[in-house]
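With PDB, C-alpha atoms inside, this is my_file.pdb:
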ATOM      1  CA  MET A   5      -3.971  68.095 -31.149
ATOM      2  CA  ASP A   6      -4.300  66.863 -27.549
ATOM      3  CA  LEU A   7      -7.796  68.377 -27.304
ATOM      4  CA  LEU A   8      -9.112  65.767 -29.736
ATOM      5  CA  PRO A   9     -10.490  62.355 -28.707
ATOM      6  CA  GLU A  10      -7.743  59.769 -28.858
ATOM      7  CA  ASN A  11      -9.437  56.428 -29.454
ATOM      8  CA  GLN A  12     -11.046  56.174 -32.896
ATOM      9  CA  THR A  13     -10.939  52.393 -33.157
ATOM     10  CA  GLY A  14     -13.853  50.917 -35.097
ATOM     11  CA  ARG A  15     -14.519  54.096 -37.082
ATOM     12  CA  THR A  16     -13.936  54.594 -40.814
ATOM     13  CA  ALA A  17     -12.675  57.699 -42.607
ATOM     14  CA  VAL A  18     -12.807  58.200 -46.368
ATOM     15  CA  ILE A  19     -10.264  60.832 -47.428
ATOM     16  CA  THR A  20     -10.022  62.152 -50.970
ATOM     17  CA  GLY A  21      -6.535  62.971 -52.227
ATOM     18  CA  ALA A  22      -4.969  61.040 -49.358
ATOM     19  CA  ASN A  23      -1.831  60.031 -51.270
ATOM     20  CA  SER A  24       0.014  63.341 -50.763
ATOM     21  CA  GLY A  25       0.134  66.626 -48.886
ATOM     22  CA  LEU A  26      -2.634  67.493 -46.464
ATOM     23  CA  GLY A  27      -4.607  64.357 -47.270
ATOM     24  CA  ARG A  28      -1.689  62.102 -46.494
ATOM     25  CA  ALA A  29      -0.987  63.940 -43.236
ATOM     26  CA  THR A  30      -4.670  63.739 -42.271
ATOM     27  CA  ALA A  31      -4.741  60.013 -43.026
ATOM     28  CA  ALA A  32      -1.622  59.391 -40.923
ATOM     29  CA  ALA A  33      -3.007  61.315 -37.952
ATOM     30  CA  LEU A  34      -6.365  59.522 -38.006
ATOM     31  CA  ALA A  35      -4.737  56.124 -38.516
ATOM     32  CA  ALA A  36      -2.565  56.799 -35.469
ATOM     33  CA  LYS A  37      -5.783  57.207 -33.462
ATOM     34  CA  GLY A  38      -6.960  53.767 -34.570
ATOM     35  CA  MET A  39      -9.296  54.767 -37.371
ATOM     36  CA  ARG A  40      -9.690  52.644 -40.493
ATOM     37  CA  ILE A  41      -8.604  54.736 -43.473
ATOM     38  CA  VAL A  42      -9.892  54.537 -47.038
ATOM     39  CA  LEU A  43      -7.625  56.480 -49.380
ATOM     40  CA  ALA A  44      -9.790  57.699 -52.265
ATOM     41  CA  VAL A  45      -7.200  58.615 -54.880
ATOM     42  CA  ARG A  46      -6.783  59.045 -58.605
ATOM     43  CA  ASN A  47      -3.515  57.076 -58.636
ATOM     44  CA  PRO A  48      -3.962  53.767 -56.741
ATOM     45  CA  ARG A  49      -0.270  52.909 -57.030
ATOM     46  CA  SER A  50       0.861  55.979 -55.092
ATOM     47  CA  GLY A  51      -2.056  55.451 -52.728
ATOM     48  CA  ARG A  52      -0.856  51.945 -51.920
ATOM     49  CA  GLU A  53       2.616  53.281 -51.135
ATOM     50  CA  VAL A  54       1.035  55.554 -48.538
ATOM     51  CA  ALA A  55      -1.339  52.897 -47.201
ATOM     52  CA  ASP A  56       1.580  50.513 -46.621
ATOM     53  CA  GLN A  57       3.132  53.074 -44.276
ATOM     54  CA  LEU A  58       0.008  53.694 -42.191
ATOM     55  CA  PRO A  59      -0.590  51.852 -38.930
ATOM     56  CA  GLY A  60      -3.667  49.673 -38.655
ATOM     57  CA  ASP A  61      -6.289  49.138 -41.343
ATOM     58  CA  ALA A  62      -5.883  51.148 -44.553
ATOM     59  CA  GLU A  63      -7.053  50.473 -48.072
ATOM     60  CA  VAL A  64      -6.978  52.228 -51.430
ATOM     61  CA  ARG A  65      -9.857  52.818 -53.821
ATOM     62  CA  ARG A  66      -9.672  54.674 -57.113
ATOM     63  CA  LEU A  67     -11.523  57.979 -57.378
ATOM     64  CA  ASP A  68     -11.126  60.658 -60.046
ATOM     65  CA  LEU A  69     -13.122  63.703 -58.965
ATOM     66  CA  ALA A  70     -12.706  65.181 -62.439
ATOM     67  CA  ASP A  71     -14.850  62.384 -63.885
ATOM     68  CA  LEU A  72     -18.404  61.935 -62.613
ATOM     69  CA  ALA A  73     -18.463  58.373 -63.942
ATOM     70  CA  SER A  74     -15.552  57.591 -61.592
ATOM     71  CA  VAL A  75     -17.359  59.292 -58.702
ATOM     72  CA  ARG A  76     -20.485  57.236 -59.341
ATOM     73  CA  ALA A  77     -18.478  54.013 -59.600
ATOM     74  CA  PHE A  78     -16.667  54.720 -56.332
ATOM     75  CA  ALA A  79     -19.948  55.400 -54.517
ATOM     76  CA  ALA A  80     -21.674  52.368 -56.018
ATOM     77  CA  ASP A  81     -18.875  50.086 -54.811
ATOM     78  CA  PHE A  82     -18.797  51.550 -51.301
ATOM     79  CA  THR A  83     -21.444  49.809 -49.203
ATOM     80  CA  GLU A  84     -20.007  50.120 -45.674
ATOM     81  CA  PRO A  85     -20.882  52.790 -43.081
ATOM     82  CA  ILE A  86     -18.671  55.893 -43.089
ATOM     83  CA  ASP A  87     -17.934  57.906 -39.974
ATOM     84  CA  LEU A  88     -15.921  60.656 -41.652
ATOM     85  CA  LEU A  89     -15.908  61.828 -45.238
ATOM     86  CA  ILE A  90     -13.069  64.302 -45.709
ATOM     87  CA  ASN A  91     -13.348  66.195 -48.982
ATOM     88  CA  ASN A  92      -9.678  67.105 -49.154
ATOM     89  CA  ALA A  93      -8.487  66.656 -52.751
ATOM     90  CA  GLY A  94      -8.099  69.689 -54.961
ATOM     91  CA  ILE A  95      -6.176  71.457 -57.665
ATOM     92  CA  MET A  96      -4.870  75.010 -57.571
ATOM     93  CA  ILE A  97      -4.395  77.611 -60.334
ATOM     94  CA  PRO A  98      -3.646  75.315 -63.296
ATOM     95  CA  PRO A  99      -3.854  76.488 -66.910
ATOM     96  CA  LEU A 100      -7.348  76.311 -68.342
ATOM     97  CA  SER A 101      -8.479  72.712 -68.717
ATOM     98  CA  ARG A 102     -11.725  70.799 -68.466
ATOM     99  CA  THR A 103     -12.930  67.717 -66.646
ATOM    100  CA  ALA A 104     -14.238  64.618 -68.390
ATOM    101  CA  ASP A 105     -17.711  66.172 -68.169
ATOM    102  CA  GLY A 106     -16.648  69.523 -69.612
ATOM    103  CA  PHE A 107     -16.462  71.582 -66.411
ATOM    104  CA  GLU A 108     -13.660  74.062 -65.746
ATOM    105  CA  SER A 109     -11.159  71.870 -63.939
ATOM    106  CA  GLN A 110     -10.995  73.679 -60.588
ATOM    107  CA  PHE A 111     -14.754  74.133 -60.231
ATOM    108  CA  GLY A 112     -15.350  70.597 -61.493
ATOM    109  CA  THR A 113     -12.777  68.921 -59.266
ATOM    110  CA  ASN A 114     -12.778  71.027 -56.114
ATOM    111  CA  HIS A 115     -16.535  71.557 -55.900
ATOM    112  CA  LEU A 116     -18.700  69.484 -58.254
ATOM    113  CA  GLY A 117     -16.775  66.233 -57.778
ATOM    114  CA  HIS A 118     -17.054  66.500 -54.001
ATOM    115  CA  PHE A 119     -20.678  67.653 -54.240
ATOM    116  CA  ALA A 120     -21.592  64.512 -56.184
ATOM    117  CA  LEU A 121     -19.486  62.214 -53.997
ATOM    118  CA  THR A 122     -20.984  63.504 -50.755
ATOM    119  CA  ASN A 123     -24.581  63.184 -51.883
ATOM    120  CA  LEU A 124     -24.028  59.715 -53.355
ATOM    121  CA  LEU A 125     -22.510  58.504 -50.058
ATOM    122  CA  LEU A 126     -24.678  60.476 -47.656
ATOM    123  CA  ARG A 127     -27.019  57.666 -46.634
ATOM    124  CA  GLN A 128     -23.970  55.739 -45.366
ATOM    125  CA  ILE A 129     -22.372  58.626 -43.470
ATOM    126  CA  ARG A 130     -23.014  58.612 -39.721
ATOM    127  CA  GLY A 131     -20.566  61.199 -38.411
ATOM    128  CA  ARG A 132     -19.261  64.216 -40.331
ATOM    129  CA  VAL A 133     -18.522  65.596 -43.741
ATOM    130  CA  VAL A 134     -15.459  67.854 -43.667
ATOM    131  CA  THR A 135     -14.768  69.975 -46.735
ATOM    132  CA  VAL A 136     -11.361  71.601 -47.131
ATOM    133  CA  SER A 137     -11.561  75.166 -48.407
ATOM    134  CA  SER A 138      -8.925  77.914 -48.486
ATOM    135  CA  ASN A 139      -8.270  81.515 -47.569
ATOM    136  CA  GLY A 140      -8.451  81.893 -51.347
ATOM    137  CA  HIS A 141     -12.245  81.806 -51.007
ATOM    138  CA  ARG A 142     -12.024  85.474 -50.044
ATOM    139  CA  VAL A 143     -11.106  86.479 -53.600
ATOM    140  CA  GLY A 144     -13.793  84.271 -55.117
ATOM    141  CA  SER A 145     -17.173  85.089 -56.585
ATOM    142  CA  ILE A 146     -19.856  82.744 -57.887
ATOM    143  CA  ASP A 147     -20.587  83.838 -61.463
ATOM    144  CA  PHE A 148     -23.776  81.952 -62.267
ATOM    145  CA  SER A 149     -23.739  83.325 -65.805
ATOM    146  CA  ASP A 150     -20.421  81.586 -66.564
ATOM    147  CA  LEU A 151     -19.476  79.101 -63.860
ATOM    148  CA  ASN A 152     -17.258  77.139 -66.221
ATOM    149  CA  TRP A 153     -15.353  80.013 -67.820
ATOM    150  CA  GLU A 154     -16.737  79.461 -71.303
ATOM    151  CA  ARG A 155     -17.387  83.103 -72.248
ATOM    152  CA  ARG A 156     -15.023  85.262 -70.171
ATOM    153  CA  PRO A 157     -11.212  85.299 -70.291
ATOM    154  CA  TYR A 158      -9.883  82.615 -67.986
ATOM    155  CA  ARG A 159      -8.171  83.754 -64.791
ATOM    156  CA  ALA A 160      -6.787  80.808 -62.847
ATOM    157  CA  THR A 161      -6.648  82.564 -59.469
ATOM    158  CA  ALA A 162     -10.221  83.813 -59.763
ATOM    159  CA  ALA A 163     -11.373  80.345 -60.813
ATOM    160  CA  TYR A 164      -9.615  78.849 -57.806
ATOM    161  CA  GLY A 165     -11.276  81.413 -55.535
ATOM    162  CA  GLN A 166     -14.671  80.561 -57.000
ATOM    163  CA  SER A 167     -14.141  76.845 -56.349
ATOM    164  CA  LYS A 168     -13.033  77.413 -52.752
ATOM    165  CA  LEU A 169     -15.944  79.782 -52.089
ATOM    166  CA  ALA A 170     -18.191  77.070 -53.508
ATOM    167  CA  ASN A 171     -16.729  74.638 -50.945
ATOM    168  CA  LEU A 172     -17.868  76.841 -48.062
ATOM    169  CA  LEU A 173     -21.290  77.528 -49.553
ATOM    170  CA  PHE A 174     -21.681  73.772 -50.075
ATOM    171  CA  ALA A 175     -20.848  73.041 -46.421
ATOM    172  CA  ALA A 176     -23.339  75.650 -45.229
ATOM    173  CA  GLU A 177     -26.200  74.424 -47.413
ATOM    174  CA  LEU A 178     -25.398  70.794 -46.656
ATOM    175  CA  GLN A 179     -25.703  71.501 -42.931
ATOM    176  CA  ARG A 180     -28.993  73.342 -43.464
ATOM    177  CA  ARG A 181     -30.399  70.372 -45.363
ATOM    178  CA  LEU A 182     -29.107  67.839 -42.836
ATOM    179  CA  THR A 183     -30.740  69.774 -40.008
ATOM    180  CA  GLU A 184     -33.999  70.055 -41.926
ATOM    181  CA  ALA A 185     -33.950  66.299 -42.551
ATOM    182  CA  GLY A 186     -33.387  65.591 -38.851
ATOM    183  CA  SER A 187     -30.002  63.970 -39.533
ATOM    184  CA  PRO A 188     -27.352  63.853 -36.781
ATOM    185  CA  VAL A 189     -24.586  64.150 -39.397
ATOM    186  CA  LEU A 190     -22.571  67.364 -39.242
ATOM    187  CA  ALA A 191     -21.076  69.318 -42.134
ATOM    188  CA  THR A 192     -17.985  71.324 -41.257
ATOM    189  CA  ALA A 193     -15.171  72.988 -43.185
ATOM    190  CA  ALA A 194     -11.503  73.806 -42.688
ATOM    191  CA  HIS A 195      -8.590  75.538 -44.333
ATOM    192  CA  PRO A 196      -4.875  74.868 -43.778
ATOM    193  CA  GLY A 197      -3.485  78.381 -43.927
ATOM    194  CA  VAL A 198      -0.257  78.296 -45.898
ATOM    195  CA  ALA A 199       1.128  74.768 -46.065
ATOM    196  CA  ALA A 200       4.046  73.352 -48.029
ATOM    197  CA  THR A 201       2.208  70.929 -50.312
ATOM    198  CA  ASN A 202       2.402  70.114 -54.003
ATOM    199  CA  LEU A 203      -0.482  72.541 -54.593
ATOM    200  CA  LEU A 204       2.082  75.320 -54.283
ATOM    201  CA  LYS A 205       3.873  74.208 -57.438
ATOM    202  CA  VAL A 206       3.598  76.955 -60.064
ATOM    203  CA  GLU A 207       4.146  76.627 -63.796
ATOM    204  CA  THR A 208       6.158  79.717 -64.702
ATOM    205  CA  PRO A 209       9.813  80.092 -63.542
ATOM    206  CA  VAL A 210       9.344  83.544 -61.981
ATOM    207  CA  LEU A 211       6.236  82.624 -60.021
ATOM    208  CA  SER A 212       7.816  79.315 -59.068
ATOM    209  CA  SER A 213      10.795  81.125 -57.510
ATOM    210  CA  ILE A 214       8.480  83.428 -55.591
ATOM    211  CA  ALA A 215       6.407  80.473 -54.384
ATOM    212  CA  LYS A 216       9.501  78.566 -53.236
ATOM    213  CA  PHE A 217      10.770  81.581 -51.293
ATOM    214  CA  GLY A 218       7.370  82.142 -49.691
ATOM    215  CA  THR A 219       7.108  78.481 -48.791
ATOM    216  CA  ARG A 220      10.480  78.504 -47.018
ATOM    217  CA  VAL A 221       9.642  81.647 -45.031
ATOM    218  CA  PHE A 222       5.940  81.368 -44.264
ATOM    219  CA  ALA A 223       4.555  77.890 -44.888
ATOM    220  CA  GLN A 224       3.718  75.229 -42.347
ATOM    221  CA  THR A 225       4.416  71.566 -42.928
ATOM    222  CA  SER A 226       1.663  69.343 -44.294
ATOM    223  CA  GLU A 227       1.258  67.890 -40.803
ATOM    224  CA  GLN A 228       0.717  71.356 -39.351
ATOM    225  CA  GLY A 229      -1.578  72.317 -42.207
ATOM    226  CA  ALA A 230      -3.744  69.256 -41.557
ATOM    227  CA  ARG A 231      -4.531  70.302 -37.992
ATOM    228  CA  PRO A 232      -7.601  72.407 -38.876
ATOM    229  CA  THR A 233      -9.012  69.486 -40.868
ATOM    230  CA  LEU A 234      -8.547  67.180 -37.873
ATOM    231  CA  TYR A 235     -10.147  69.785 -35.633
ATOM    232  CA  ALA A 236     -13.142  70.086 -37.972
ATOM    233  CA  ALA A 237     -13.380  66.290 -38.067
ATOM    234  CA  LEU A 238     -13.122  65.409 -34.375
ATOM    235  CA  ALA A 239     -13.527  68.422 -32.087
ATOM    236  CA  ASP A 240     -16.759  69.142 -30.235
ATOM    237  CA  ILE A 241     -18.019  71.900 -32.565
ATOM    238  CA  PRO A 242     -21.387  72.664 -34.192
ATOM    239  CA  GLY A 243     -22.341  72.045 -37.790
ATOM    240  CA  ASN A 244     -21.216  74.610 -40.388
ATOM    241  CA  SER A 245     -18.155  75.402 -38.278
ATOM    242  CA  TYR A 246     -15.066  76.593 -40.141
ATOM    243  CA  ALA A 247     -11.637  75.788 -38.710
ATOM    244  CA  GLY A 248      -8.326  77.384 -39.578
ATOM    245  CA  PRO A 249      -4.996  78.403 -38.038
ATOM    246  CA  ARG A 250      -5.116  80.930 -35.226
ATOM    247  CA  GLY A 251      -1.983  82.831 -36.275
ATOM    248  CA  PHE A 252      -1.547  86.104 -38.187
ATOM    249  CA  LEU A 253      -3.966  86.278 -41.152
ATOM    250  CA  GLN A 254      -4.848  82.643 -40.409
ATOM    251  CA  ASN A 255      -1.658  81.569 -42.196
ATOM    252  CA  ARG A 256      -0.264  79.253 -39.534
ATOM    253  CA  GLY A 257      -0.666  78.073 -35.967
ATOM    254  CA  ALA A 258      -2.889  75.855 -33.863
ATOM    255  CA  PRO A 259      -6.457  75.335 -35.091
ATOM    256  CA  LYS A 260      -9.505  77.258 -33.955
ATOM    257  CA  LEU A 261     -12.881  78.288 -35.363
ATOM    258  CA  VAL A 262     -12.416  81.186 -37.779
ATOM    259  CA  GLY A 263     -14.554  83.587 -39.771
ATOM    260  CA  ARG A 264     -15.338  83.579 -43.464
ATOM    261  CA  SER A 265     -16.116  86.213 -46.056
ATOM    262  CA  ALA A 266     -19.542  87.813 -46.407
ATOM    263  CA  LYS A 267     -19.969  85.999 -49.732
ATOM    264  CA  ALA A 268     -19.391  82.686 -47.953
ATOM    265  CA  ARG A 269     -22.204  83.556 -45.513
ATOM    266  CA  ASP A 270     -24.750  84.302 -48.258
ATOM    267  CA  LEU A 271     -27.348  81.590 -47.708
ATOM    268  CA  GLU A 272     -29.361  82.509 -50.796
ATOM    269  CA  THR A 273     -26.287  82.054 -52.978
ATOM    270  CA  ALA A 274     -25.608  78.744 -51.201
ATOM    271  CA  ARG A 275     -29.095  77.487 -52.045
ATOM    272  CA  ARG A 276     -28.834  78.631 -55.645
ATOM    273  CA  LEU A 277     -25.412  77.014 -56.045
ATOM    274  CA  TRP A 278     -26.802  73.760 -54.655
ATOM    275  CA  THR A 279     -29.625  73.751 -57.194
ATOM    276  CA  VAL A 280     -27.241  74.471 -60.073
ATOM    277  CA  SER A 281     -24.818  71.800 -58.826
ATOM    278  CA  GLU A 282     -27.624  69.246 -58.820
ATOM    279  CA  GLU A 283     -28.461  70.186 -62.404
ATOM    280  CA  LEU A 284     -24.830  69.977 -63.548
ATOM    281  CA  THR A 285     -24.027  66.664 -61.857
ATOM    282  CA  GLY A 286     -27.396  64.946 -61.948
ATOM    283  CA  VAL A 287     -26.954  64.107 -58.264
ATOM    284  CA  ARG A 288     -29.431  65.221 -55.634
ATOM    285  CA  PHE A 289     -29.688  65.380 -51.851
ATOM    286  CA  PRO A 290     -30.867  61.882 -50.891
ATOM    287  CA  LEU A 291     -32.526  62.488 -47.528
ATOM    288  CA  THR A 292     -36.143  63.501 -46.939
ATOM    289  CA  VAL A 293     -37.305  66.202 -44.575
ATOM    290  CA  SER A 294     -38.360  64.788 -41.225
ATOM    291  CA  ALA A 295     -41.969  65.262 -40.129
TER     292      ALA A 295
END
For the file at hand, write its structure as structure tokens.
Amino acid sequence: MDLLPENQTGRTAVITGANSGLGRATAAALAAKGMRIVLAVRNPRSGREVADQLPGDAEVRRLDLADLASVRAFAADFTEPIDLLINNAGIMIPPLSRTADGFESQFGTNHLGHFALTNLLLRQIRGRVVTVSSNGHRVGSIDFSDLNWERRPYRATAAYGQSKLANLLFAAELQRRLTEAGSPVLATAAHPGVAATNLLKVETPVLSSIAKFGTRVFAQTSEQGARPTLYAALADIPGNSYAGPRGFLQNRGAPKLVGRSAKARDLETARRLWTVSEELTGVRFPLTVSA
């Protein structure tokens, strides 16, 4: 990561899910550059264990992305300027469950929670919003007739793909709106490739064995998987950039700007998803269009 600016002293990063995996690795790397870190986590106790190991200024604040009341409380209590908001937290292919507000858990946590958080904090953000997606977005589709899997048979992998596709569409529409409002804030996105994090834990014994074998053979460490996020956060790149590993099938390797699926480039779908997300969360884009 020697291409990135070294001195980040005096800047603040808010990182969701920073108590483990990619979030923890991202927090450690930014703290090492002198940045103040705010770990936005569901479990403050585990967050404090991580914060105690970080150099410099780090603090923990509770945030449950699966509960919009928690998102609103976090945003209401956060009054300081933010240089980086890193929408990192997520869940991957769990059994069917629902958030406190009744959303399918992956769509509600991975997309709607971050959608609400970003818009509630946006007036305080002065640098970038980085949203962590996945290569899994390529198998996703946005089913506006049943976003929350209430009428069709639940398929965890398809639901995960929908949530990760939503992450990229969100980043694209956020950048369009920021540009239209004349804001200097950038919206970027990243994916880690295949990284050995707790997201790779699988419920069934057979799939768990397969996942463990694949992790040993193919996966990067969390520190390596965090490199695209750091690149999206600090490199000199334009808004709506998407960073990922440069290796085979974008599974591993040093970060670079990468492509995304045709569905992730559909600006009309991005606008429609934004409108629906506003309706579902009750949170709207707070900036006005510049004259």
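Each of A:His118, A:Arg15, A:Arg52, A:Arg76 was checked against Ala175 in chain A using only C-alpha atoms; the smallest atom-to-atom distance is that of A:His118.
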Q | Result set, the PyMOL selection byres ((chain A and resi 78) around 9) on current file, as a list in words | A | Ala44, Arg65, Arg66, Leu67, Asp68, Ala73, Ser74, Val75, Arg76, Ala77, Ala79, Ala80, Asp81, Phe82 and Leu121 of chain A
Q: Using only C-alpha atoms, find the one residue out of A:Glu53, A:Asp71, A:Asp147, A:Asp87 that sits nearest to Leu125 in chain A.
A: A:Asp87
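Those residues that approach Ala194 in chain A to within 6 Å, counting only C-alpha atoms, are Val136, Ser137, Pro232, Thr233, Tyr246, Ala247 and Gly248 of chain A; same-chain residues fewer than 3 positions away are not listed.
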**Q.** Hits of the PyMOL selection byres ((chain A and resi 59) around 12) in this structure, as a PyMOL selection string
**A.** chain A and resi 13+31-41+54-58+60-63
Q. Residues picked by the PyMOL selection byres ((chain A and resi 173) around 9) here, as JSON, numbers by chain?
A. {"A": [168, 169, 170, 171, 172, 174, 175, 176, 177, 178, 267, 268, 269, 270, 271, 273, 274, 275, 277, 278]}
Q | For range 161-165 of chain A: contacts at 8 Å, all atoms listed in the file, fewer than 2 positions along chain excluded, given as JSON, numbers by chain | A | {"A": [96, 97, 110, 111, 140, 141, 142, 143, 144, 145, 158, 159, 167, 168, 169]}
Next, the residues of the selection above should be written as a short mmCIF file (atom, residue, chain, number, x, y, z; two decimals), in the coordinates of the input with C-alpha atoms.
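What landed in out20.cif:
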data_model
loop_
_atom_site.label_atom_id
_atom_site.label_comp_id
_atom_site.auth_asym_id
_atom_site.auth_seq_id
_atom_site.Cartn_x
_atom_site.Cartn_y
_atom_site.Cartn_z
CA MET A 96 -4.87 75.01 -57.57
CA ILE A 97 -4.39 77.61 -60.33
CA GLN A 110 -11.00 73.68 -60.59
CA PHE A 111 -14.75 74.13 -60.23
CA GLY A 140 -8.45 81.89 -51.35
CA HIS A 141 -12.24 81.81 -51.01
CA ARG A 142 -12.02 85.47 -50.04
CA VAL A 143 -11.11 86.48 -53.60
CA GLY A 144 -13.79 84.27 -55.12
CA SER A 145 -17.17 85.09 -56.58
CA TYR A 158 -9.88 82.62 -67.99
CA ARG A 159 -8.17 83.75 -64.79
CA SER A 167 -14.14 76.84 -56.35
CA LYS A 168 -13.03 77.41 -52.75
CA LEU A 169 -15.94 79.78 -52.09
#
Q: Quote the spacing between CA of Ser245 in chain A and CA of Ser265 in chain A in Å to one decimal place.
A: 13.5 Å
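For Leu26 in chain A, the residues within 10 Å (counting all atoms listed in the file, excluding itself and residues fewer than 2 positions away along the chain) are Gly21, Ala22, Asn23, Ser24, Arg28, Ala29, Thr30, Ala31, Ala32, Asn92, Ala93, Val136, Pro196, Ala199, Ala200, Thr201, Asn202, Leu203, Thr225, Ser226, Glu227, Gln228, Gly229, Ala230, Arg231 and Thr233 of chain A.
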Q. Taking into account all atoms listed in the file, which residue in the set A:Leu69, A:Thr83, A:Arg181, A:Arg288 is nearest to His115 in chain A?
A. A:Leu69
Q: Have a look at CA of Ile146 in chain A and CA of Gln224 in chain A and let me know their distance in Å, one decimal.
A: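 CA of Gln224 in chain A lies at a distance of 29.2 Å from CA of Ile146 in chain A.
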Q | Separation of CA of Arg276 in chain A from CA of Ile86 in chain A in Å | A |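 Between CA of Ile86 in chain A and CA of Arg276 in chain A the gap works out to 27.9 Å.
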At a cut-off of 6 Å from (-18.9, 65.0, -40.4) in the coordinates of the file, what residues are picked up using all atoms listed in the file, written as a compact mmCIF listing (two decimals) with C-alpha atoms, keeping the file's coordinate frame?
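Okay, selection-v8.txt is ready:
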# COMPACT_ATOMS: atom_id res chain seq x y z
CA LEU A 88 -15.92 60.66 -41.65
CA GLY A 131 -20.57 61.20 -38.41
CA ARG A 132 -19.26 64.22 -40.33
CA VAL A 133 -18.52 65.60 -43.74
CA VAL A 134 -15.46 67.85 -43.67
CA VAL A 189 -24.59 64.15 -39.40
CA LEU A 190 -22.57 67.36 -39.24
CA ALA A 191 -21.08 69.32 -42.13
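For the set A:Pro188, A:Pro99, A:Gly263, A:Gly94, the residue with the smallest atom-to-atom gap to Ile129 in chain A is A:Pro188, counting all atoms listed in the file.
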Q: Please write as a ChimeraX atom specification the list of polymer residues whose atoms come within 6 Å of (-12.7, 59.9, -44.0), counting all atoms listed in the file and keeping to the coordinates of the file.
A: /A:17-19,88-90
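Counting only C-alpha atoms, Pro290 in chain A has the following residues at most 9 Å away, ignoring those fewer than 6 positions along the same chain: Asn123, Leu124, Leu126 and Arg127 of chain A.
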Q) Taking all atoms listed in the file into account, which of A:Ile241, A:Gln179, A:Phe119, A:His195 comes nearest Val280 in chain A? A)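 Looking only at the distances to Val280 in chain A, the closest residue turns out to be A:Phe119.
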